[in-house]
file work.pdb (PDB, C-alpha atoms, pLDDT in the B column)
ATOM      1  CA  MET A   2      -9.564   1.874  -1.441  1.00 82.00           C
ATOM      2  CA  THR A   3      -9.456  -1.606   0.046  1.00 88.00           C
ATOM      3  CA  LEU A   4      -5.697  -1.782  -0.400  1.00 87.00           C
ATOM      4  CA  ASN A   5      -5.249   1.535   1.427  1.00 89.00           C
ATOM      5  CA  VAL A   6      -7.429   0.321   4.299  1.00 93.00           C
ATOM      6  CA  LEU A   7      -5.292  -2.808   4.578  1.00 93.00           C
ATOM      7  CA  GLY A   8      -2.172  -0.609   4.681  1.00 92.00           C
ATOM      8  CA  LEU A   9      -3.760   1.384   7.507  1.00 93.00           C
ATOM      9  CA  VAL A  10      -4.616  -1.823   9.362  1.00 95.00           C
ATOM     10  CA  ILE A  11      -0.960  -2.908   9.105  1.00 94.00           C
ATOM     11  CA  GLN A  12       0.086   0.400  10.663  1.00 94.00           C
ATOM     12  CA  LEU A  13      -2.444   0.067  13.467  1.00 94.00           C
ATOM     13  CA  LEU A  14      -1.382  -3.534  14.121  1.00 95.00           C
ATOM     14  CA  CYS A  15       2.164  -2.328  14.724  1.00 93.00           C
ATOM     15  CA  LEU A  16       0.913   0.221  17.239  1.00 93.00           C
ATOM     16  CA  GLY A  17      -1.324  -2.394  18.886  1.00 93.00           C
ATOM     17  CA  ALA A  18       1.541  -4.869  19.124  1.00 93.00           C
ATOM     18  CA  ILE A  19       3.715  -2.335  20.949  1.00 93.00           C
ATOM     19  CA  THR A  20       0.891  -1.310  23.280  1.00 90.00           C
ATOM     20  CA  TYR A  21      -0.878  -4.568  24.108  1.00 93.00           C
ATOM     21  CA  VAL A  22       1.484  -7.425  23.226  1.00 93.00           C
ATOM     22  CA  LEU A  23       4.870  -6.017  24.224  1.00 92.00           C
ATOM     23  CA  ASP A  24       3.444  -3.621  26.833  1.00 92.00           C
ATOM     24  CA  LEU A  25       5.914  -0.853  26.021  1.00 91.00           C
ATOM     25  CA  PRO A  26       4.302   2.479  26.860  1.00 86.00           C
ATOM     26  CA  GLY A  27       6.185   5.641  26.076  1.00 90.00           C
ATOM     27  CA  ARG A  28       6.845   8.106  23.319  1.00 94.00           C
ATOM     28  CA  LEU A  29       9.879   6.343  21.908  1.00 94.00           C
ATOM     29  CA  ALA A  30       8.112   2.987  21.626  1.00 93.00           C
ATOM     30  CA  TYR A  31       5.087   4.590  19.959  1.00 93.00           C
ATOM     31  CA  ASN A  32       7.273   6.501  17.501  1.00 95.00           C
ATOM     32  CA  VAL A  33       9.253   3.386  16.601  1.00 94.00           C
ATOM     33  CA  ALA A  34       6.014   1.445  16.106  1.00 94.00           C
ATOM     34  CA  LEU A  35       4.548   4.267  14.038  1.00 93.00           C
ATOM     35  CA  VAL A  36       7.584   4.516  11.745  1.00 95.00           C
ATOM     36  CA  THR A  37       7.704   0.730  11.404  1.00 95.00           C
ATOM     37  CA  GLY A  38       3.985   0.606  10.621  1.00 95.00           C
ATOM     38  CA  ILE A  39       4.264   3.370   8.056  1.00 95.00           C
ATOM     39  CA  GLY A  40       7.157   1.546   6.388  1.00 96.00           C
ATOM     40  CA  LEU A  41       5.384  -1.813   6.326  1.00 96.00           C
ATOM     41  CA  GLY A  42       2.161  -0.201   5.093  1.00 94.00           C
ATOM     42  CA  TYR A  43       4.108   1.606   2.376  1.00 94.00           C
ATOM     43  CA  MET A  44       5.752  -1.612   1.212  1.00 95.00           C
ATOM     44  CA  PHE A  45       2.401  -3.418   1.198  1.00 94.00           C
ATOM     45  CA  ARG A  46       0.737  -0.631  -0.804  1.00 93.00           C
ATOM     46  CA  TYR A  47       3.610  -0.518  -3.299  1.00 92.00           C
ATOM     47  CA  TRP A  48       3.512  -4.276  -3.812  1.00 92.00           C
ATOM     48  CA  SER A  49      -0.283  -4.497  -4.010  1.00 91.00           C
ATOM     49  CA  TYR A  50      -0.646  -1.571  -6.406  1.00 89.00           C
ATOM     50  CA  ARG A  51       2.085  -2.974  -8.615  1.00 88.00           C
ATOM     51  CA  THR A  52       0.471  -6.429  -8.529  1.00 87.00           C
ATOM     52  CA  TRP A  53      -3.236  -5.615  -8.894  1.00 83.00           C
ATOM     53  CA  VAL A  54      -3.718  -1.986  -9.921  1.00 81.00           C
ATOM     54  CA  TRP A  55      -0.995  -1.214 -12.464  1.00 80.00           C
ATOM     55  CA  LYS A  56      -0.881  -4.504 -14.338  1.00 76.00           C
ATOM     56  CA  THR A  57       1.304  -4.519 -17.427  1.00 71.00           C
ATOM     57  CA  ARG A  58      -0.333  -5.750 -20.594  1.00 70.00           C
ATOM     58  CA  PRO A  59       1.281  -8.560 -22.554  1.00 70.00           C
ATOM     59  CA  PRO A  60       2.586  -7.542 -25.991  1.00 74.00           C
ATOM     60  CA  GLY A  61      -0.071  -7.658 -28.696  1.00 72.00           C
ATOM     61  CA  SER A  62      -3.039  -7.331 -26.347  1.00 70.00           C
ATOM     62  CA  PRO A  63      -5.779  -4.849 -27.263  1.00 70.00           C
ATOM     63  CA  PRO A  64      -5.700  -1.472 -25.481  1.00 66.00           C
ATOM     64  CA  GLY A  65      -8.091  -0.656 -22.685  1.00 66.00           C
ATOM     65  CA  PRO A  66     -11.421   1.105 -23.216  1.00 66.00           C
ATOM     66  CA  HIS A  67      -9.991   4.565 -22.443  1.00 65.00           C
ATOM     67  CA  ALA A  68      -6.806   4.306 -24.498  1.00 62.00           C
ATOM     68  CA  VAL A  69      -5.905   7.258 -26.717  1.00 61.00           C
ATOM     69  CA  PRO A  70      -5.139   6.286 -30.343  1.00 63.00           C
ATOM     70  CA  ALA A  71      -1.574   6.749 -31.589  1.00 63.00           C
ATOM     71  CA  ASN A  72      -2.560   9.685 -33.844  1.00 67.00           C
ATOM     72  CA  GLY A  73      -4.134  11.583 -30.913  1.00 58.00           C
ATOM     73  CA  PRO A  74      -7.702  12.133 -29.715  1.00 59.00           C
ATOM     74  CA  ALA A  75     -10.442  12.689 -32.273  1.00 57.00           C
TER
END

call {"tool": "encode", "arguments": {"input": "work.pdb", "output": "structure tokens"}}
result
Amino acid sequence: MTLNVLGLVIQLLCLGAITYVLDLPGRLAYNVALVTGIGLGYMFRYWSYRTWVWKTRPPGSPPGPHAVPANGPA
């Protein structure tokens, strides 16, 4: 959940930068900032999930606590 909130913050920072830093009001500027924020948030989420959530196990390591045995569930 924390990683998703950070992705949302990235999106909102893009909108805030257009509004308050660059002072570009208008539909086109907001849409460009929104698409840019969505893209940056997407890339951050992809990288962070791949880095911290879906870690690959080194060969020979024991399976996790919820792993299904090779011959199927009991």

call {"tool": "closest_residue", "arguments": {"input": "work.pdb", "among": "A:Pro59, A:Asp24, A:Leu29, A:Tyr47", "to": "A:Leu4", "atoms": "all atoms listed in the file"}}
result
A:Tyr47

call {"tool": "residues_around", "arguments": {"input": "work.pdb", "residues": "A:Ser49", "least_positions_apart": "5", "cutoff": "12 Å", "atoms": "all atoms listed in the file", "output": "list in words"}}
result
Met2, Thr3, Leu4, Asn5, Val6, Leu7, Gly8, Gly42, Tyr43, Met44, Val54, Trp55 and Lys56 of chain A

call {"tool": "residues_around", "arguments": {"input": "work.pdb", "residues": "A:Ala30", "least_positions_apart": "5", "cutoff": "9 Å", "atoms": "all atoms listed in the file", "output": "list in words"}}
result
Leu16, Ile19, Thr20, Leu25 and Leu35 of chain A

call {"tool": "residues_around", "arguments": {"input": "work.pdb", "residues": "A:Gln12", "least_positions_apart": "3", "cutoff": "6 Å", "atoms": "all atoms listed in the file", "output": "number ranges by chain"}}
result
A: 9, 15, 38-39, 42

call {"tool": "atom_distance", "arguments": {"input": "work.pdb", "atom1": "atom CA of A:Ala18", "atom2": "atom CA of A:Val33"}}
result
11.6 Å

call {"tool": "atom_distance", "arguments": {"input": "work.pdb", "atom1": "atom CA of A:Tyr21", "atom2": "atom CA of A:Leu41"}}
result
19.1 Å

call {"tool": "build_atoms", "arguments": {"input": "work.pdb", "residues": "stretch 12-29 of chain A", "atoms": "N, CA and C atoms", "output": "CSV table (one decimal), keeping the file's coordinate frame"}}
result
chain,number,residue,atom,x,y,z
A,12,GLN,N,-0.5,-0.6,9.8
A,12,GLN,CA,0.1,0.4,10.7
A,12,GLN,C,-0.5,0.3,12.1
A,13,LEU,N,-1.8,0.1,12.2
A,13,LEU,CA,-2.4,0.1,13.5
A,13,LEU,C,-2.1,-1.2,14.2
A,14,LEU,N,-1.8,-2.3,13.5
A,14,LEU,CA,-1.4,-3.5,14.1
A,14,LEU,C,0.0,-3.4,14.8
A,15,CYS,N,0.9,-2.6,14.1
A,15,CYS,CA,2.2,-2.3,14.7
A,15,CYS,C,2.0,-1.5,16.0
A,16,LEU,N,1.1,-0.5,16.0
A,16,LEU,CA,0.9,0.2,17.2
A,16,LEU,C,0.3,-0.6,18.3
A,17,GLY,N,-0.7,-1.5,17.9
A,17,GLY,CA,-1.3,-2.4,18.9
A,17,GLY,C,-0.4,-3.4,19.5
A,18,ALA,N,0.6,-3.9,18.6
A,18,ALA,CA,1.5,-4.9,19.1
A,18,ALA,C,2.4,-4.3,20.2
A,19,ILE,N,2.9,-3.0,20.0
A,19,ILE,CA,3.7,-2.3,20.9
A,19,ILE,C,2.9,-2.1,22.2
A,20,THR,N,1.7,-1.7,22.1
A,20,THR,CA,0.9,-1.3,23.3
A,20,THR,C,0.4,-2.5,24.1
A,21,TYR,N,-0.2,-3.5,23.4
A,21,TYR,CA,-0.9,-4.6,24.1
A,21,TYR,C,-0.1,-5.9,24.2
A,22,VAL,N,0.7,-6.2,23.2
A,22,VAL,CA,1.5,-7.4,23.2
A,22,VAL,C,2.8,-7.2,24.0
A,23,LEU,N,3.6,-6.2,23.6
A,23,LEU,CA,4.9,-6.0,24.2
A,23,LEU,C,4.8,-5.1,25.5
A,24,ASP,N,3.7,-4.5,25.7
A,24,ASP,CA,3.4,-3.6,26.8
A,24,ASP,C,4.6,-2.6,27.0
A,25,LEU,N,4.9,-1.9,26.0
A,25,LEU,CA,5.9,-0.9,26.0
A,25,LEU,C,5.3,0.5,25.9
A,26,PRO,N,4.8,1.1,27.0
A,26,PRO,CA,4.3,2.5,26.9
A,26,PRO,C,5.4,3.5,26.8
A,27,GLY,N,5.2,4.6,26.2
A,27,GLY,CA,6.2,5.6,26.1
A,27,GLY,C,6.3,6.2,24.7
A,28,ARG,N,6.8,7.4,24.6
A,28,ARG,CA,6.8,8.1,23.3
A,28,ARG,C,7.8,7.4,22.3
A,29,LEU,N,8.9,7.0,22.8
A,29,LEU,CA,9.9,6.3,21.9
A,29,LEU,C,9.3,5.1,21.3
